[in-house]
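For reference, run19.txt (compact mmCIF, C-alpha atoms and all ligand atoms):
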```txt
# COMPACT_ATOMS: atom_id res chain seq x y z
CA MET G 1 -14.36 -20.40 16.18
CA SER G 2 -16.90 -17.88 17.41
CA ASN G 3 -16.84 -14.48 18.97
CA VAL G 4 -18.58 -13.81 22.28
CA HIS G 5 -20.06 -10.45 23.17
CA LEU G 6 -21.30 -9.66 26.65
CA ARG G 7 -23.40 -6.52 26.94
CA LYS G 8 -24.35 -4.83 30.20
CA LEU G 9 -24.42 -8.20 31.89
CA CYS G 10 -26.00 -8.33 35.36
CA ILE G 11 -26.18 -11.42 37.53
CA THR G 12 -27.85 -11.46 40.91
CA ARG G 13 -27.97 -14.53 43.13
CA GLY G 14 -30.23 -14.30 46.17
CA SER G 15 -29.73 -10.75 47.36
CA ASN G 16 -26.13 -10.70 46.03
CA GLU G 17 -25.39 -8.57 42.98
CA ILE G 18 -22.44 -10.60 41.71
CA ILE G 19 -21.87 -9.12 38.24
CA ARG G 20 -22.95 -5.58 37.44
CA ASP G 21 -23.10 -3.90 34.02
CA LEU G 22 -20.26 -5.93 32.59
CA ASP G 23 -19.26 -5.36 28.94
CA LEU G 24 -16.76 -7.64 27.23
CA GLN G 25 -15.96 -8.47 23.61
CA ILE G 26 -14.10 -11.70 22.98
CA GLU G 27 -12.76 -12.05 19.45
CA PRO G 28 -12.68 -15.31 17.45
CA GLY G 29 -9.60 -17.38 18.26
CA GLU G 30 -8.76 -15.51 21.46
CA PHE G 31 -7.49 -17.26 24.55
CA LEU G 32 -9.15 -15.00 27.08
CA VAL G 33 -8.29 -15.57 30.73
CA LEU G 34 -10.57 -14.36 33.54
CA LEU G 35 -8.29 -13.76 36.50
CA GLY G 36 -9.08 -12.57 39.99
CA PRO G 37 -9.18 -13.44 43.67
CA SER G 38 -11.60 -15.96 45.13
CA GLY G 39 -15.18 -14.67 45.08
CA CYS G 40 -14.63 -11.99 42.40
CA GLY G 41 -17.29 -13.57 40.17
CA LYS G 42 -15.20 -15.23 37.45
CA SER G 43 -16.90 -18.65 37.70
CA THR G 44 -20.30 -16.98 37.78
CA LEU G 45 -19.42 -15.10 34.59
CA LEU G 46 -18.19 -18.26 32.85
CA HIS G 47 -21.27 -20.25 33.92
CA SER G 48 -23.54 -17.53 32.59
CA ILE G 49 -21.85 -17.79 29.17
CA ALA G 50 -22.41 -21.55 29.33
CA GLY G 51 -26.07 -21.00 30.15
CA LEU G 52 -25.84 -22.65 33.58
CA ILE G 53 -26.87 -19.44 35.40
CA ASP G 54 -29.76 -17.13 34.50
CA LEU G 55 -29.07 -13.51 33.69
CA SER G 56 -30.69 -10.71 35.65
CA GLY G 57 -30.02 -8.28 32.82
CA GLY G 58 -27.96 -7.65 29.70
CA ALA G 59 -27.22 -9.93 26.78
CA ILE G 60 -24.87 -12.70 25.64
CA GLU G 61 -24.12 -13.08 21.96
CA ILE G 62 -22.19 -16.13 20.71
CA GLY G 63 -21.14 -16.39 17.08
CA GLY G 64 -23.31 -13.41 16.19
CA ARG G 65 -26.50 -14.88 17.69
CA ASP G 66 -28.31 -13.78 20.83
CA MET G 67 -27.91 -16.66 23.27
CA SER G 68 -28.95 -14.81 26.45
CA TYR G 69 -31.74 -17.26 27.20
CA ALA G 70 -30.74 -20.22 25.00
CA ASP G 71 -30.40 -23.72 26.42
CA PRO G 72 -26.73 -24.69 27.16
CA SER G 73 -26.89 -27.35 24.42
CA GLU G 74 -27.79 -24.74 21.81
CA ARG G 75 -24.92 -22.36 22.53
CA GLY G 76 -22.17 -24.12 20.56
CA ILE G 77 -19.83 -24.37 23.53
CA GLY G 78 -17.70 -27.09 25.13
CA MET G 79 -16.92 -26.83 28.82
CA VAL G 80 -14.20 -28.28 31.08
CA PHE G 81 -14.71 -28.13 34.83
CA GLN G 82 -12.29 -28.20 37.73
CA SER G 83 -13.61 -31.57 38.91
CA TYR G 84 -13.28 -33.95 35.97
CA ALA G 85 -16.82 -35.31 36.48
CA LEU G 86 -16.13 -38.36 34.32
CA TYR G 87 -18.62 -41.22 34.27
CA PRO G 88 -16.84 -43.79 36.49
CA THR G 89 -18.36 -46.90 34.90
CA MET G 90 -17.58 -45.87 31.32
CA THR G 91 -14.29 -46.30 29.47
CA VAL G 92 -12.32 -43.26 28.27
CA GLU G 93 -13.73 -43.82 24.79
CA LYS G 94 -17.33 -43.91 26.08
CA ASN G 95 -16.77 -40.87 28.28
CA MET G 96 -15.61 -38.96 25.23
CA SER G 97 -18.30 -40.19 22.85
CA PHE G 98 -21.33 -40.21 25.15
CA GLY G 99 -22.39 -36.58 24.67
CA LEU G 100 -22.10 -36.83 20.89
CA LYS G 101 -24.12 -40.05 20.78
CA ILE G 102 -27.02 -38.66 22.79
CA SER G 103 -27.09 -35.58 20.58
CA GLY G 104 -27.60 -37.94 17.60
CA THR G 105 -24.23 -37.58 15.86
CA PRO G 106 -23.75 -40.45 13.34
CA LYS G 107 -21.60 -43.29 14.64
CA ALA G 108 -18.82 -42.94 12.06
CA GLU G 109 -18.51 -39.23 12.81
CA VAL G 110 -18.36 -39.93 16.58
CA GLN G 111 -15.56 -42.42 15.99
CA ARG G 112 -13.66 -40.03 13.76
CA ARG G 113 -13.79 -37.22 16.31
CA VAL G 114 -12.92 -39.40 19.30
CA ARG G 115 -9.95 -40.90 17.46
CA LYS G 116 -8.66 -37.53 16.30
CA THR G 117 -9.05 -35.94 19.74
CA ALA G 118 -7.54 -38.92 21.57
CA GLU G 119 -4.50 -38.73 19.31
CA MET G 120 -4.11 -34.99 19.90
CA LEU G 121 -4.27 -35.47 23.68
CA GLN G 122 -2.17 -38.65 23.71
CA LEU G 123 -5.05 -40.69 25.01
CA ASP G 124 -5.08 -43.27 22.20
CA ALA G 125 -3.49 -45.97 24.33
CA LEU G 126 -5.92 -45.38 27.19
CA LEU G 127 -9.24 -45.50 25.36
CA HIS G 128 -10.33 -48.78 26.95
CA ARG G 129 -9.48 -47.84 30.53
CA LYS G 130 -11.93 -46.68 33.19
CA PRO G 131 -11.34 -43.35 35.00
CA SER G 132 -10.22 -45.18 38.17
CA GLN G 133 -7.31 -46.63 36.15
CA LEU G 134 -6.02 -43.18 35.17
CA SER G 135 -3.79 -40.60 36.87
CA GLY G 136 -5.18 -37.16 37.73
CA GLY G 137 -3.51 -35.61 34.70
CA GLN G 138 -4.89 -38.29 32.39
CA ARG G 139 -8.39 -37.82 33.81
CA GLN G 140 -8.24 -34.10 33.18
CA ARG G 141 -7.06 -34.81 29.62
CA VAL G 142 -10.13 -37.00 29.12
CA ALA G 143 -12.33 -34.18 30.46
CA ILE G 144 -10.67 -31.81 27.97
CA GLY G 145 -11.10 -34.41 25.22
CA ARG G 146 -14.79 -34.76 26.04
CA ALA G 147 -15.22 -31.02 25.47
CA LEU G 148 -13.09 -30.96 22.30
CA VAL G 149 -15.01 -33.73 20.49
CA ARG G 150 -17.97 -31.35 20.36
CA GLU G 151 -15.97 -29.26 17.85
CA ALA G 152 -17.57 -26.23 19.44
CA GLY G 153 -17.12 -22.59 18.47
CA VAL G 154 -16.08 -21.67 22.01
CA TYR G 155 -14.46 -23.68 24.80
CA LEU G 156 -14.93 -22.69 28.42
CA PHE G 157 -12.50 -23.81 31.13
CA ASP G 158 -13.25 -23.41 34.83
CA GLU G 159 -9.93 -23.78 36.70
CA PRO G 160 -9.25 -27.08 34.91
CA LEU G 161 -5.78 -27.57 36.37
CA SER G 162 -6.29 -26.61 40.00
CA ASN G 163 -6.67 -30.20 41.23
CA LEU G 164 -3.29 -31.22 39.85
CA ASP G 165 0.13 -31.01 41.48
CA ALA G 166 2.47 -28.20 40.45
CA LYS G 167 4.57 -30.18 37.95
CA LEU G 168 1.59 -31.72 36.18
CA ARG G 169 -0.14 -28.35 36.13
CA ALA G 170 2.78 -26.79 34.29
CA GLU G 171 2.86 -29.73 31.86
CA LEU G 172 -0.86 -29.58 31.03
CA ARG G 173 -0.64 -25.80 30.80
CA ARG G 174 1.86 -26.20 27.96
CA GLU G 175 -0.37 -28.82 26.32
CA LEU G 176 -3.33 -26.45 26.46
CA LYS G 177 -1.29 -23.70 24.87
CA LEU G 178 -0.17 -26.03 22.06
CA LEU G 179 -3.77 -27.17 21.65
CA HIS G 180 -4.90 -23.58 21.23
CA GLN G 181 -2.13 -22.97 18.69
CA THR G 182 -3.25 -26.06 16.75
CA LEU G 183 -7.02 -25.55 16.90
CA GLY G 184 -7.17 -21.75 16.90
CA SER G 185 -10.50 -21.97 18.77
CA THR G 186 -11.94 -19.30 21.00
CA MET G 187 -11.14 -20.20 24.60
CA ILE G 188 -12.34 -18.56 27.80
CA TYR G 189 -10.44 -19.73 30.82
CA VAL G 190 -11.02 -19.01 34.51
CA THR G 191 -8.15 -19.16 36.96
CA HIS G 192 -6.79 -17.49 40.06
CA ASP G 193 -3.30 -18.67 39.12
CA GLN G 194 -1.38 -15.78 37.60
CA ALA G 195 1.25 -18.03 36.02
CA GLU G 196 -1.52 -19.74 34.04
CA ALA G 197 -2.98 -16.38 33.09
CA MET G 198 0.36 -14.92 31.99
CA THR G 199 1.48 -17.94 29.98
CA LEU G 200 -1.80 -18.89 28.29
CA ALA G 201 -3.70 -15.69 27.62
CA THR G 202 -3.84 -13.63 24.49
CA ARG G 203 -5.69 -11.17 26.76
CA ILE G 204 -6.28 -11.17 30.50
CA VAL G 205 -9.38 -9.78 32.19
CA VAL G 206 -8.54 -8.90 35.80
CA MET G 207 -11.67 -8.91 37.95
CA GLN G 208 -12.47 -7.79 41.47
CA GLY G 209 -15.84 -7.55 43.18
CA GLY G 210 -17.79 -8.48 40.04
CA ARG G 211 -16.18 -5.73 37.99
CA ILE G 212 -13.48 -5.65 35.36
CA GLN G 213 -10.42 -3.83 36.67
CA GLN G 214 -8.35 -4.10 33.49
CA ILE G 215 -8.32 -5.88 30.13
CA GLY G 216 -5.07 -6.24 28.25
CA THR G 217 -2.35 -8.51 26.94
CA PRO G 218 -0.29 -10.21 29.66
CA ALA G 219 2.48 -7.64 29.08
CA GLU G 220 0.06 -4.71 29.32
CA VAL G 221 -1.51 -5.75 32.61
CA TYR G 222 1.89 -6.66 34.08
CA ASP G 223 3.88 -3.64 32.89
CA THR G 224 1.21 -0.94 33.01
CA PRO G 225 -1.36 -1.96 35.65
CA ALA G 226 -4.43 0.29 35.50
CA ASN G 227 -4.74 0.61 39.26
CA ARG G 228 -3.22 -0.42 42.54
CA PHE G 229 -5.36 -3.55 42.81
CA VAL G 230 -4.10 -4.95 39.48
CA ALA G 231 -0.54 -3.92 40.34
CA GLY G 232 -0.67 -5.78 43.64
CA PHE G 233 -2.49 -8.83 42.30
CA LEU G 234 -0.03 -9.68 39.50
CA GLY G 235 3.55 -10.62 40.24
CA SER G 236 5.29 -12.60 42.93
CA PRO G 237 6.60 -11.23 45.21
CA SER G 238 4.11 -8.44 44.86
CA MET G 239 5.05 -4.97 43.60
CA ASN G 240 6.71 -2.69 46.16
CA PHE G 241 4.39 0.21 46.98
CA ILE G 242 6.11 3.29 48.34
CA ASP G 243 3.96 6.19 49.56
CA GLY G 244 5.76 9.50 49.15
CA SER G 245 5.60 12.80 47.35
CA VAL G 246 6.86 14.53 44.24
CA ASP G 247 8.41 18.00 44.46
CA ALA G 248 8.28 20.81 41.90
CA HIS G 249 11.39 19.42 40.14
CA GLY G 250 9.81 16.00 39.63
CA ARG G 251 11.89 14.42 42.39
CA PHE G 252 10.21 11.60 44.32
CA SER G 253 10.96 11.15 48.00
CA ALA G 254 9.70 8.88 50.72
CA GLY G 255 11.84 8.82 53.88
CA ALA G 256 15.30 7.53 52.95
CA ILE G 257 14.24 6.82 49.34
CA THR G 258 14.67 9.47 46.68
CA LEU G 259 14.37 9.10 42.92
CA PRO G 260 15.33 11.88 40.54
CA PHE G 261 12.53 11.34 38.10
CA ALA G 262 8.91 10.40 38.82
CA GLY G 263 7.48 10.12 35.32
CA GLY G 264 6.37 13.70 34.92
CA ALA G 265 3.86 13.48 37.78
CA SER G 266 2.71 16.82 39.13
CA ALA G 267 3.84 17.83 42.61
CA GLY G 268 1.99 16.27 45.53
CA ALA G 269 1.37 12.95 47.28
CA ILE G 270 2.00 9.88 45.14
CA THR G 271 2.37 6.12 45.42
CA LEU G 272 5.34 4.76 43.53
CA ALA G 273 5.32 1.05 42.70
CA ALA G 274 8.39 -0.92 41.65
CA ARG G 275 8.53 -4.59 40.67
CA PRO G 276 11.08 -6.65 42.64
CA GLU G 277 12.99 -7.31 39.39
CA HIS G 278 13.42 -3.56 38.90
CA ILE G 279 15.21 -3.07 42.20
CA HIS G 280 18.86 -3.96 41.81
CA ILE G 281 21.43 -4.60 44.49
CA ASP G 282 24.40 -2.66 43.16
CA ASP G 283 27.58 -1.54 44.98
CA ASN G 284 27.39 1.75 43.09
CA GLY G 285 23.64 2.23 43.69
CA PRO G 286 22.43 5.58 45.07
CA LEU G 287 20.37 4.10 47.93
CA SER G 288 21.30 2.06 50.99
CA ALA G 289 19.43 -0.61 52.93
CA THR G 290 19.87 -3.53 55.28
CA VAL G 291 19.10 -7.10 54.19
CA THR G 292 16.36 -8.57 56.40
CA LEU G 293 15.76 -11.93 54.71
CA VAL G 294 17.10 -13.98 51.80
CA GLU G 295 14.97 -16.59 50.03
CA PRO G 296 17.06 -18.77 47.66
CA MET G 297 15.01 -19.91 44.65
CA GLY G 298 17.63 -21.89 42.72
CA ASN G 299 18.13 -19.69 39.66
CA HIS G 300 17.56 -16.45 41.60
CA GLN G 301 17.08 -15.22 45.15
CA VAL G 302 14.40 -13.00 46.62
CA VAL G 303 16.08 -10.49 48.89
CA TRP G 304 14.08 -8.47 51.40
CA LEU G 305 15.47 -5.08 52.34
CA ASP G 306 14.79 -2.46 54.96
CA CYS G 307 15.42 1.06 53.72
CA GLY G 308 14.85 3.46 56.61
CA GLY G 309 11.72 1.58 57.69
CA GLN G 310 10.41 0.90 54.16
CA ALA G 311 10.34 -2.84 53.40
CA LEU G 312 11.31 -3.73 49.81
CA SER G 313 11.67 -7.02 47.99
CA CYS G 314 14.04 -7.47 45.10
CA ILE G 315 15.02 -10.31 42.79
CA GLU G 316 18.73 -10.96 42.51
CA HIS G 317 20.14 -13.06 39.65
CA ASP G 318 23.89 -12.73 40.09
CA GLY G 319 24.26 -15.27 42.89
CA ARG G 320 25.73 -12.76 45.34
CA SER G 321 26.37 -14.03 48.81
CA LEU G 322 23.96 -12.08 51.01
CA ALA G 323 22.93 -12.51 54.63
CA SER G 324 20.42 -10.93 57.00
CA GLY G 325 21.81 -7.84 58.69
CA GLN G 326 24.18 -7.04 55.81
CA ALA G 327 24.32 -3.44 54.58
CA VAL G 328 23.89 -3.10 50.80
CA ARG G 329 23.51 -0.40 48.21
CA PHE G 330 20.77 -0.57 45.61
CA ALA G 331 19.08 1.24 42.75
CA ILE G 332 15.46 1.45 41.59
CA ASP G 333 15.00 1.48 37.82
CA ALA G 334 13.01 4.73 37.54
CA SER G 335 12.07 4.01 33.93
CA ARG G 336 10.07 0.94 34.96
CA VAL G 337 8.08 2.21 37.96
CA SER G 338 4.32 2.76 38.02
CA LEU G 339 2.76 5.77 39.72
CA PHE G 340 -0.64 5.73 41.39
CA ASP G 341 -2.92 8.35 42.86
CA PRO G 342 -2.89 7.50 46.59
CA LYS G 343 -6.50 8.66 46.96
CA ASN G 344 -8.24 6.49 44.37
CA GLY G 345 -5.48 4.02 43.44
CA GLN G 346 -5.71 4.86 39.72
CA ARG G 347 -2.63 4.87 37.51
CA LEU G 348 -1.19 8.32 36.81
N1 LIG R 1 -25.79 -19.58 44.48
C1 LIG R 1 -25.30 -18.46 45.03
N2 LIG R 1 -26.06 -17.67 45.81
C2 LIG R 1 -25.57 -16.52 46.34
N3 LIG R 1 -24.29 -16.10 46.16
C3 LIG R 1 -23.49 -16.86 45.41
C4 LIG R 1 -23.93 -18.06 44.79
N4 LIG R 1 -22.90 -18.58 44.09
C5 LIG R 1 -21.86 -17.75 44.27
N5 LIG R 1 -22.21 -16.71 45.06
C6 LIG R 1 -21.32 -15.57 45.45
O1 LIG R 1 -20.94 -14.90 44.29
C7 LIG R 1 -19.62 -14.39 44.40
C8 LIG R 1 -18.81 -14.84 43.19
O2 LIG R 1 -18.65 -16.25 43.20
P1 LIG R 1 -17.81 -17.00 42.08
O3 LIG R 1 -17.86 -18.46 42.38
O4 LIG R 1 -18.24 -16.56 40.76
O5 LIG R 1 -16.36 -16.44 42.38
P2 LIG R 1 -14.97 -16.90 41.80
O6 LIG R 1 -14.26 -15.65 41.43
O7 LIG R 1 -15.13 -17.91 40.74
O8 LIG R 1 -14.26 -17.54 43.07
P3 LIG R 1 -13.42 -18.90 43.24
O9 LIG R 1 -12.09 -18.63 42.64
O10 LIG R 1 -13.35 -19.04 44.74
O11 LIG R 1 -14.20 -19.98 42.57
C9 LIG R 1 -19.09 -14.91 45.72
O12 LIG R 1 -19.16 -13.84 46.64
C10 LIG R 1 -20.03 -16.02 46.09
O13 LIG R 1 -20.16 -16.11 47.49
```
Step by step, read the file and then write its structure as structure tokens.
Amino acid sequence: MSNVHLRKLCITRGSNEIIRDLDLQIEPGEFLVLLGPSGCGKSTLLHSIAGLIDLSGGAIEIGGRDMSYADPSERGIGMVFQSYALYPTMTVEKNMSFGLKISGTPKAEVQRRVRKTAEMLQLDALLHRKPSQLSGGQRQRVAIGRALVREAGVYLFDEPLSNLDAKLRAELRRELKLLHQTLGSTMIYVTHDQAEAMTLATRIVVMQGGRIQQIGTPAEVYDTPANRFVAGFLGSPSMNFIDGSVDAHGRFSAGAITLPFAGGASAGAITLAARPEHIHIDDNGPLSATVTLVEPMGNHQVVWLDCGGQALSCIEHDGRSLASGQAVRFAIDASRVSLFDPKNGQRL
């Protein structure tokens, strides 16, 4: 396993400055997830680490060596793409061994690695099949296997599960997590799927517009988002943002919503953000609202409320019978809210 250090990385394509002055240290054995909306530059960043895109400035160090301008084959990386890109005429075994063979790895060693990897990915029974005789999930496993046989210091994944249906995606996600636990390799993984990011990552890098918005453990970025963008990007339904003000006694108010304690914020305009799971429908709650919509989700329901013109979503686990138009009382867990400066969106 290798570490990866990115220093003042700049990437320009055409007249587009896609990545600007980006610094990132990835420790050996990390499962680092690059997360962000479409077009934020995560694939560009990953491809630059792989050596598939030229840098406009800055440096990339892999395993303690400067690899900024090294050929992809010299970087000690294995890469898995979104499209499996398997060779259609070759068997699973050949697909997995081909790269090793052309790099001159001895035959016995190639066989050893292919066998070991196939066993780990439950591909042993499929080694003699062609890609057309495999399911989507099996094909992606072969693509992962093809990267793993390289026994690289760093594995790069570019949205490897996005072509699969939801059930298979969740299944392979768990397999990838187990694989990381077994191998302990450094993994850098691009996705726009926050469930993948939350479940797989040791640390998440949230990106927007070619810049890092926050780096932290899944719990850190979810519970203490650094700014309004991160707060709104993570979580489904999204956080509830309530624009209001704090008075001299620390009381927050916004129309019909008042909260006694606003985290020690100084008096003035403020944006309070509450996760749907921290708003509780409660007959003894201090606030009142009207239900506008109920979305049953099986083990919980998402309930949309109107509180004096402020729309709020909350997650309800008790199986209450609720209907649109119904008046309810509710409470916001003040200890769990985030506060943001309404001018620059930064966490207070
Ligand atoms: N060859 C190119 N020339 C000019 N601009 C490009 C080129 N490739 C990508 N871009 C632009 O760079 C930005 C980042 O693209 P990138 O593919 O890295 O985003 P992404 O976060 O991976 O998005 P997605 O999730 O949609 O793949 C986008 O605005 C894109 O239009």
Could you list the protein, DNA and RNA residues that have any atom within 10 Å of ligand LIG 1 (chain R), counting all atoms listed in the file, and write them as a compact mmCIF listing (two decimals) with C-alpha atoms, in the frame of the given file?
```txt
# COMPACT_ATOMS: atom_id res chain seq x y z
CA ILE G 11 -26.18 -11.42 37.53
CA THR G 12 -27.85 -11.46 40.91
CA ARG G 13 -27.97 -14.53 43.13
CA GLY G 14 -30.23 -14.30 46.17
CA SER G 15 -29.73 -10.75 47.36
CA ASN G 16 -26.13 -10.70 46.03
CA GLU G 17 -25.39 -8.57 42.98
CA ILE G 18 -22.44 -10.60 41.71
CA ILE G 19 -21.87 -9.12 38.24
CA LEU G 34 -10.57 -14.36 33.54
CA LEU G 35 -8.29 -13.76 36.50
CA GLY G 36 -9.08 -12.57 39.99
CA PRO G 37 -9.18 -13.44 43.67
CA SER G 38 -11.60 -15.96 45.13
CA GLY G 39 -15.18 -14.67 45.08
CA CYS G 40 -14.63 -11.99 42.40
CA GLY G 41 -17.29 -13.57 40.17
CA LYS G 42 -15.20 -15.23 37.45
CA SER G 43 -16.90 -18.65 37.70
CA THR G 44 -20.30 -16.98 37.78
CA LEU G 45 -19.42 -15.10 34.59
CA LEU G 46 -18.19 -18.26 32.85
CA HIS G 47 -21.27 -20.25 33.92
CA SER G 48 -23.54 -17.53 32.59
CA ILE G 53 -26.87 -19.44 35.40
CA GLN G 82 -12.29 -28.20 37.73
CA ASP G 158 -13.25 -23.41 34.83
CA GLU G 159 -9.93 -23.78 36.70
CA VAL G 190 -11.02 -19.01 34.51
CA THR G 191 -8.15 -19.16 36.96
CA HIS G 192 -6.79 -17.49 40.06
CA ASP G 193 -3.30 -18.67 39.12
CA MET G 207 -11.67 -8.91 37.95
CA GLN G 208 -12.47 -7.79 41.47
CA GLY G 209 -15.84 -7.55 43.18
CA GLY G 210 -17.79 -8.48 40.04
```
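Counting from atom CA of Phe233 of chain G, the distance to atom CA of Met297 of chain G is 20.8 Å.
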- Give me the residues within 10 Å of Pro296 of chain G as an MDAnalysis selection string, counting all atoms listed in the file and dropping any in the same chain fewer than 3 places off. chainID G and resid 293 299:303 315:316 319
- Query: Quick one, how far is atom CA of Gln111 of chain G from atom CA of Ser135 of chain G?
  - Reply: 24.0 Å
- Message: Using Å and a single decimal, report how far atom CA of Ala311 of chain G sits from atom CA of Ile270 of chain G.
- Response: 17.3 Å
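Distances to Ala85 of chain G were evaluated for G:Val110, G:Leu348, G:Ala147, G:Val337 using all atoms listed in the file, and the minimum falls at G:Ala147.
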- Distance query Ser83 of chain G at most 10 Å, all atoms listed in the file, self and fewer than 6 positions along chain excluded, as a count of residues only: 9
List as a short mmCIF file (atom, residue, chain, number, x, y, z; two decimals) with C-alpha atoms, in the coordinates of the input: which residues have an atom within 7 Å of (13.9, 16.1, 39.2), counting all atoms listed in the file?
```cif
data_model
loop_
_atom_site.label_atom_id
_atom_site.label_comp_id
_atom_site.auth_asym_id
_atom_site.auth_seq_id
_atom_site.Cartn_x
_atom_site.Cartn_y
_atom_site.Cartn_z
CA HIS G 249 11.39 19.42 40.14
CA GLY G 250 9.81 16.00 39.63
CA ARG G 251 11.89 14.42 42.39
CA PRO G 260 15.33 11.88 40.54
CA PHE G 261 12.53 11.34 38.10
#
```
So that I can see what lies close to Asn3 of chain G, please list as a PDB file with C-alpha atoms, in the coordinates of the input the residues with an atom at most 12 Å from it, counting only C-alpha atoms and leaving out residues fewer than 2 positions away in the same chain.
```pdb
ATOM      1  CA  MET G   1     -14.360 -20.400  16.180  1.00  0.00           C
ATOM      2  CA  HIS G   5     -20.060 -10.450  23.170  1.00  0.00           C
ATOM      3  CA  LEU G   6     -21.300  -9.660  26.650  1.00  0.00           C
ATOM      4  CA  LEU G  24     -16.760  -7.640  27.230  1.00  0.00           C
ATOM      5  CA  GLN G  25     -15.960  -8.470  23.610  1.00  0.00           C
ATOM      6  CA  ILE G  26     -14.100 -11.700  22.980  1.00  0.00           C
ATOM      7  CA  GLU G  27     -12.760 -12.050  19.450  1.00  0.00           C
ATOM      8  CA  PRO G  28     -12.680 -15.310  17.450  1.00  0.00           C
ATOM      9  CA  GLY G  29      -9.600 -17.380  18.260  1.00  0.00           C
ATOM     10  CA  GLU G  30      -8.760 -15.510  21.460  1.00  0.00           C
ATOM     11  CA  PHE G  31      -7.490 -17.260  24.550  1.00  0.00           C
ATOM     12  CA  LEU G  32      -9.150 -15.000  27.080  1.00  0.00           C
ATOM     13  CA  ILE G  49     -21.850 -17.790  29.170  1.00  0.00           C
ATOM     14  CA  ILE G  60     -24.870 -12.700  25.640  1.00  0.00           C
ATOM     15  CA  GLU G  61     -24.120 -13.080  21.960  1.00  0.00           C
ATOM     16  CA  ILE G  62     -22.190 -16.130  20.710  1.00  0.00           C
ATOM     17  CA  GLY G  63     -21.140 -16.390  17.080  1.00  0.00           C
ATOM     18  CA  GLY G  64     -23.310 -13.410  16.190  1.00  0.00           C
ATOM     19  CA  ARG G  65     -26.500 -14.880  17.690  1.00  0.00           C
ATOM     20  CA  ASP G  66     -28.310 -13.780  20.830  1.00  0.00           C
ATOM     21  CA  ARG G  75     -24.920 -22.360  22.530  1.00  0.00           C
ATOM     22  CA  GLY G  76     -22.170 -24.120  20.560  1.00  0.00           C
ATOM     23  CA  ILE G  77     -19.830 -24.370  23.530  1.00  0.00           C
ATOM     24  CA  ALA G 152     -17.570 -26.230  19.440  1.00  0.00           C
ATOM     25  CA  GLY G 153     -17.120 -22.590  18.470  1.00  0.00           C
ATOM     26  CA  VAL G 154     -16.080 -21.670  22.010  1.00  0.00           C
ATOM     27  CA  TYR G 155     -14.460 -23.680  24.800  1.00  0.00           C
ATOM     28  CA  SER G 185     -10.500 -21.970  18.770  1.00  0.00           C
ATOM     29  CA  THR G 186     -11.940 -19.300  21.000  1.00  0.00           C
ATOM     30  CA  MET G 187     -11.140 -20.200  24.600  1.00  0.00           C
ATOM     31  CA  ILE G 188     -12.340 -18.560  27.800  1.00  0.00           C
TER      32      ILE G 188
END
```
Please identify all polymer residues within 8 Å of Ile332 of chain G, counting all atoms listed in the file, omitting same-chain residues fewer than 4 positions from it, and present them as a CSV table (one decimal) with C-alpha atoms, in the coordinates of the input.
```csv
chain,number,residue,atom,x,y,z
G,259,LEU,CA,14.4,9.1,42.9
G,274,ALA,CA,8.4,-0.9,41.6
G,278,HIS,CA,13.4,-3.6,38.9
G,279,ILE,CA,15.2,-3.1,42.2
G,280,HIS,CA,18.9,-4.0,41.8
```
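Using only C-alpha atoms for every distance, the candidate list G:Leu164, G:Val33, G:Leu172, G:Leu123 yields G:Val33 as the residue closest to Gln194 of chain G.
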- Could you pull the residues within 9 Å of Pro218 of chain G, counting all atoms listed in the file, minus those fewer than 6 positions along the same chain, as a list in words? Ala197, Met198, Thr199, Leu200, Ala201, Thr202, Arg203 and Ile204 of chain G
- Residue nearest Arg275 of chain G among G:Ala248, G:Ala256, G:Ala334, G:Met90 (counting only C-alpha atoms): G:Ala334
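For the choices G:Gly216, G:Val291, G:Lys8, G:Leu86, the atom-to-atom distance to Val230 of chain G is smallest for G:Gly216 when using all atoms listed in the file.
Nearest to Leu9 of chain G of all the residues G:Gly58, G:Gly309, G:Gly184, G:Gly51 is G:Gly58, based on only C-alpha atoms.
Among the candidate residues G:Asp306, G:Asp247, G:Asp23, G:Asp223, the one lying nearest to Ala273 of chain G is G:Asp223, with distances computed using all atoms listed in the file.
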